[in-house]
Amino acid sequence: MSSISITLVSNYMNHHQLPFCEAVMKEEDVDFTFIQTQAMEEERKKMGWEDYDGLGFVRYLYDDPEGARALIRDSDVVLYGWAPEAAAEIRARAAEGKPLVCVSERLYREGQWRMFSPRGLVDKYRNFVRFRDKPYYLFCAGAYVASDFSLIHAFPGKMLRWGYFPQLRRYAPGELEKIKDDAQHGKTIEVTWAGRFLELKHPEFALRLAKDLKDMGVLIHLNMIGAGDKDEECRCFAQENGIEDNVTFHGFLPADEVRGIMEKSRVFLFTSDHGEGWGAVVNEAMNSGCAVIAGSEAGCVPVLIRNGVSGVIYNRENYDDFLAKAYAVITNKDLMYRLGAGAARTIGEIWNEEVAAKRLVPFCRSLKDGKDPMRDAAMEGPLSPAPVLKPFLSVPVMRLEKTVSGMLSTGGGI
């Protein structure tokens, strides 16, 4: 088998990119390079993100612009994410009909009405639409990406599911259950929320839940990991509502410590709205065997979670629905354990860097050989055809008094 050169261009290497890159390099006869286009922001470093300097397979556009541009021009296949600094080279490659893949989150997070911007349409035509007949494909990092791109008639029949692939952790049989059992104190359930304390991520939902459950006699210990604009507001809420003893504010932690807390938790809360392109913490929480309760608007949710099987999806930004479904999960041990096990299987078997890398390489070989890579696309998981799922997914709302069985019978699957 002949060697193939694959180059991935993105803003910077991080702990969500590294496992996938390393998995690609393990594939046979692959010459892989990552081009970093900008230095990591200090804000990210303060959040616990590691600056991966000195990796042998990483080239830096700002240190060696000519070498990086040559790789973009000459590699057999190029994938690119957020990389405006390399936009001219990417467009030139597309114009020449060389195999190219755009890895994108949503175009119109604030609403698809924004597609009517004349300036925006010109920009989308320049970067995507005019190359619709070239070997130029779209990897959709989010459930609603295909819908956005279909509006501008880009990538017809060439859109595939993709995402982010944090490090997959493998556990011995019973290992995760023992970690969670050892961490539990009496009837108190360990619950985790992680992210920046921003409006779009709604950390206040998690704190309101802790208060409301306590008022109903259901005890949880809530781990709040992160910080941000709403930090003081969240801490004040905990004090004013008498839940300080039920909540631990950890601040930002290194990625390994976050995973350690997830492994001890039974439930993970993901409360981001449509402003969240993907949400890699959900991958990590599912891999850690958490029962995830997630809002329907964030990009990863309809991709990773099958409602009632590998997690529970609540409707948009509806707090009452969130409360009802969280109550149903947290007060039903069998359901909570079953959802956690389903979540772990989803990541362990399908949505991980190993599967993504093993599927990417033959996809790229088909592109290099001038074949249609869609003919052999998987039926599910990474590099399966991306459905045009119109924003925003609507799931049945659950009243608090409804039974768990009623929820599951109406919840369906995504």
# chains A, B, ... in the order shown; residues from 1 in each chain; ligands from 1

$ residues_around --residues "stretch 74-81 of chain A" --least-positions-apart "2" --cutoff "8 Å" --atoms "only C-alpha atoms" --output "VMD selection string"
chain A and resid 4 to 11 70 to 72 83 98 to 104 364 367 to 368

$ closest_atom_pairs --of "stretch 248-269 of chain A" --to "stretch 339-357 of chain A" --cutoff "10 Å" --atoms "only C-alpha atoms" --output "JSON lines"
{"residue": "A:Ser265", "atom": "CA", "partner": "A:Gly340", "partner_atom": "CA", "distance": 9.9}
{"residue": "A:Arg266", "atom": "CA", "partner": "A:Gly340", "partner_atom": "CA", "distance": 7.3}
{"residue": "A:Val267", "atom": "CA", "partner": "A:Gly340", "partner_atom": "CA", "distance": 7.9}
{"residue": "A:Phe268", "atom": "CA", "partner": "A:Gly340", "partner_atom": "CA", "distance": 9.6}

$ closest_residue --among "A:Ala68, A:Gly370, A:Met47, A:Leu323" --to "A:Val258" --atoms "only C-alpha atoms"
A:Met47

$ closest_atom_pairs --of "stretch 32-142 of chain A" --to "stretch 274-297 of chain A" --cutoff "8 Å" --atoms "only C-alpha atoms" --output "Markdown table"
| residue | atom | partner | partner_atom | distance |
| --- | --- | --- | --- | --- |
| A:Glu105 | CA | A:Gly277 | CA | 5.5 |
| A:Arg106 | CA | A:Gly277 | CA | 6.3 |
| A:Arg109 | CA | A:Gly275 | CA | 5.8 |
| A:Glu110 | CA | A:Gly275 | CA | 7.1 |
| A:Ala141 | CA | A:Trp278 | CA | 6.5 |
| A:Gly142 | CA | A:Trp278 | CA | 5.5 |

$ atom_distance --atom1 "atom CA of A:Trp162" --atom2 "atom CA of A:Tyr136"
15.3 Å
